[in-house]
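Engineer: Quick one: the structure is below, questions incoming.
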Amino acid sequence: MSTSTASYTVVGMTCNGCVNKVTNAVMEVAGVEDVDVDVSTGALDVTGEVNDAAIRSAVEQVGYKIAD
Ligand SMILES: [Cu+2]
């Protein structure tokens with residue numbers, strides 16, 4: 001398995017509470033080692049064995065969307 005970083009844009013985050021929700025949800029995804037979220041840009045950077053579909057569904061389950 002190789003470690004890599006994937007970048008997404010999350011829509012709908014407005015505060016640090018949103019950042020914490022998204023961070024915690026993505027950290028729960030198997031293989032994820034590190035998560036970095038920027039509330040002002042919506043940037044979500046995920047490091048680890050990145051499973052794209054699992055990350056998208058984790059973000060959606062806490063109420064946000066990933067822009068395509
Ligand atoms: Cu918020």
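Identifiers for the structure tokens are assigned positionally: chains receive A, B, ... in sequence, residues are indexed from 1 per chain, and ligands are indexed from 1 in the order shown.
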Taking only C-alpha atoms and all ligand atoms into account, list the residues no farther than 10 Å from ligand 1, as an mmCIF file with C-alpha atoms, in the first residue's frame.
Structural biologist:
```
data_model
loop_
_atom_site.group_PDB
_atom_site.id
_atom_site.type_symbol
_atom_site.label_atom_id
_atom_site.label_comp_id
_atom_site.auth_asym_id
_atom_site.auth_seq_id
_atom_site.Cartn_x
_atom_site.Cartn_y
_atom_site.Cartn_z
ATOM 1 C CA GLY A 12 -20.798 24.289 3.358
ATOM 2 C CA MET A 13 -18.263 24.705 6.162
ATOM 3 C CA THR A 14 -18.679 27.973 8.077
ATOM 4 C CA CYS A 15 -16.832 27.660 11.385
ATOM 5 C CA ASN A 16 -14.349 25.668 13.423
ATOM 6 C CA GLY A 17 -17.138 23.332 14.517
ATOM 7 C CA CYS A 18 -17.580 22.376 10.865
ATOM 8 C CA VAL A 19 -13.838 21.842 10.549
ATOM 9 C CA ASN A 20 -13.847 19.538 13.565
ATOM 10 C CA LYS A 21 -16.804 17.530 12.247
ATOM 11 C CA VAL A 22 -15.221 17.028 8.841
ATOM 12 C CA VAL A 39 -12.493 26.608 6.644
#
```
Engineer: If you count only C-alpha atoms, which residues fall within 9 Å of Thr3 (chain A), apart from same-chain ones fewer than 3 positions away, as a PDB file with N, CA, C and O atoms, in the first residue's frame?
Structural biologist:
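Final output, around11.pdb:
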```pdb
ATOM      1  N   GLY A  31      -7.400   3.761   6.758  1.00  0.00           N
ATOM      2  CA  GLY A  31      -6.241   4.089   5.946  1.00  0.00           C
ATOM      3  C   GLY A  31      -5.812   5.536   6.020  1.00  0.00           C
ATOM      4  O   GLY A  31      -4.702   5.868   5.617  1.00  0.00           O
ATOM      5  N   GLU A  33      -4.328   8.783   7.489  1.00  0.00           N
ATOM      6  CA  GLU A  33      -3.321   9.062   8.517  1.00  0.00           C
ATOM      7  C   GLU A  33      -3.357  10.510   8.998  1.00  0.00           C
ATOM      8  O   GLU A  33      -3.065  10.789  10.153  1.00  0.00           O
ATOM      9  N   THR A  47      -4.130  12.600   3.845  1.00  0.00           N
ATOM     10  CA  THR A  47      -2.918  11.824   3.643  1.00  0.00           C
ATOM     11  C   THR A  47      -3.137  10.410   4.167  1.00  0.00           C
ATOM     12  O   THR A  47      -3.745  10.215   5.216  1.00  0.00           O
ATOM     13  N   GLY A  48      -2.636   9.457   3.426  1.00  0.00           N
ATOM     14  CA  GLY A  48      -2.741   8.060   3.855  1.00  0.00           C
ATOM     15  C   GLY A  48      -3.039   7.183   2.656  1.00  0.00           C
ATOM     16  O   GLY A  48      -2.699   7.519   1.527  1.00  0.00           O
ATOM     17  N   GLU A  49      -3.669   6.027   2.938  1.00  0.00           N
ATOM     18  CA  GLU A  49      -4.135   5.166   1.854  1.00  0.00           C
ATOM     19  C   GLU A  49      -5.534   5.665   1.523  1.00  0.00           C
ATOM     20  O   GLU A  49      -6.511   5.272   2.149  1.00  0.00           O
ATOM     21  N   VAL A  50      -5.610   6.548   0.551  1.00  0.00           N
ATOM     22  CA  VAL A  50      -6.838   7.309   0.323  1.00  0.00           C
ATOM     23  C   VAL A  50      -7.851   6.508  -0.495  1.00  0.00           C
ATOM     24  O   VAL A  50      -7.579   6.104  -1.621  1.00  0.00           O
TER      25      VAL A  50
END
```
Engineer: Please extract the residues of chain A with a backbone DSSP assignment of helix (DSSP H, G or I) and present them as a list of chain:residue names.
Structural biologist: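 Answer for chain A restricted to helix (DSSP H, G or I) is A:Asn16, A:Gly17, A:Cys18, A:Val19, A:Asn20, A:Lys21, A:Val22, A:Thr23, A:Asn24, A:Ala25, A:Val26, A:Met27, A:Asp52, A:Ala53, A:Ala54, A:Ile55, A:Arg56, A:Ser57, A:Ala58, A:Val59, A:Glu60, A:Gln61.
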Engineer: In chain A, what's strand (DSSP E or B) per DSSP? Answer as a short mmCIF file (atom, residue, chain, number, x, y, z; two decimals) with N, CA, C and O atoms, in the first residue's frame?
Structural biologist:
```
data_model
loop_
_atom_site.label_atom_id
_atom_site.label_comp_id
_atom_site.auth_asym_id
_atom_site.auth_seq_id
_atom_site.Cartn_x
_atom_site.Cartn_y
_atom_site.Cartn_z
N SER A 4 -0.36 8.51 0.01
CA SER A 4 -0.41 9.66 -0.88
C SER A 4 -1.29 10.72 -0.25
O SER A 4 -1.89 10.52 0.80
N THR A 5 -1.36 11.86 -0.91
CA THR A 5 -2.22 12.95 -0.45
C THR A 5 -3.23 13.25 -1.53
O THR A 5 -2.88 13.31 -2.71
N ALA A 6 -4.49 13.40 -1.13
CA ALA A 6 -5.55 13.78 -2.07
C ALA A 6 -6.16 15.08 -1.58
O ALA A 6 -6.31 15.28 -0.38
N SER A 7 -6.49 15.94 -2.51
CA SER A 7 -7.09 17.24 -2.16
C SER A 7 -8.51 17.32 -2.68
O SER A 7 -8.79 16.92 -3.82
N TYR A 8 -9.39 17.83 -1.82
CA TYR A 8 -10.80 18.00 -2.18
C TYR A 8 -11.22 19.42 -1.80
O TYR A 8 -10.51 20.09 -1.06
N THR A 9 -12.38 19.82 -2.29
CA THR A 9 -12.98 21.07 -1.83
C THR A 9 -14.33 20.74 -1.20
O THR A 9 -15.20 20.15 -1.85
N VAL A 10 -14.46 21.11 0.08
CA VAL A 10 -15.70 20.83 0.82
C VAL A 10 -16.58 22.07 0.78
O VAL A 10 -16.11 23.18 1.04
N VAL A 11 -17.86 21.87 0.47
CA VAL A 11 -18.82 22.96 0.40
C VAL A 11 -19.67 22.96 1.66
O VAL A 11 -20.16 21.91 2.08
N VAL A 32 -6.70 6.41 6.54
CA VAL A 32 -6.37 7.83 6.61
C VAL A 32 -5.41 8.07 7.78
O VAL A 32 -5.65 7.63 8.90
N GLU A 33 -4.33 8.78 7.49
CA GLU A 33 -3.32 9.06 8.52
C GLU A 33 -3.36 10.51 9.00
O GLU A 33 -3.06 10.79 10.15
N ASP A 34 -3.69 11.42 8.10
CA ASP A 34 -3.70 12.82 8.49
C ASP A 34 -4.72 13.58 7.67
O ASP A 34 -4.95 13.25 6.49
N VAL A 35 -5.36 14.57 8.29
CA VAL A 35 -6.37 15.36 7.62
C VAL A 35 -6.09 16.83 7.91
O VAL A 35 -5.82 17.20 9.05
N ASP A 36 -6.17 17.65 6.87
CA ASP A 36 -5.99 19.09 7.05
C ASP A 36 -7.17 19.79 6.37
O ASP A 36 -7.45 19.55 5.20
N VAL A 37 -7.87 20.63 7.14
CA VAL A 37 -9.04 21.33 6.62
C VAL A 37 -8.86 22.83 6.79
O VAL A 37 -8.44 23.29 7.86
N ALA A 43 -10.72 23.82 1.56
CA ALA A 43 -9.73 22.81 1.15
C ALA A 43 -9.63 21.68 2.18
O ALA A 43 -9.53 21.93 3.38
N LEU A 44 -9.69 20.47 1.68
CA LEU A 44 -9.54 19.26 2.51
C LEU A 44 -8.39 18.44 1.90
O LEU A 44 -8.48 18.00 0.76
N ASP A 45 -7.32 18.29 2.67
CA ASP A 45 -6.19 17.48 2.22
C ASP A 45 -6.13 16.23 3.08
O ASP A 45 -6.12 16.32 4.31
N VAL A 46 -6.09 15.09 2.45
CA VAL A 46 -6.10 13.82 3.15
C VAL A 46 -4.83 13.05 2.80
O VAL A 46 -4.51 12.87 1.63
N THR A 47 -4.13 12.60 3.85
CA THR A 47 -2.92 11.82 3.64
C THR A 47 -3.14 10.41 4.17
O THR A 47 -3.75 10.21 5.22
N GLY A 48 -2.64 9.46 3.43
CA GLY A 48 -2.74 8.06 3.85
C GLY A 48 -3.04 7.18 2.66
O GLY A 48 -2.70 7.52 1.53
N LYS A 65 -20.72 18.63 1.50
CA LYS A 65 -20.54 18.04 0.18
C LYS A 65 -19.15 18.32 -0.33
O LYS A 65 -18.54 19.33 -0.01
N ILE A 66 -18.65 17.41 -1.16
CA ILE A 66 -17.38 17.65 -1.83
C ILE A 66 -17.69 18.12 -3.25
O ILE A 66 -18.45 17.47 -3.97
N ALA A 67 -17.12 19.27 -3.61
CA ALA A 67 -17.31 19.81 -4.95
C ALA A 67 -16.53 18.95 -5.94
O ALA A 67 -15.43 18.48 -5.64
#
```
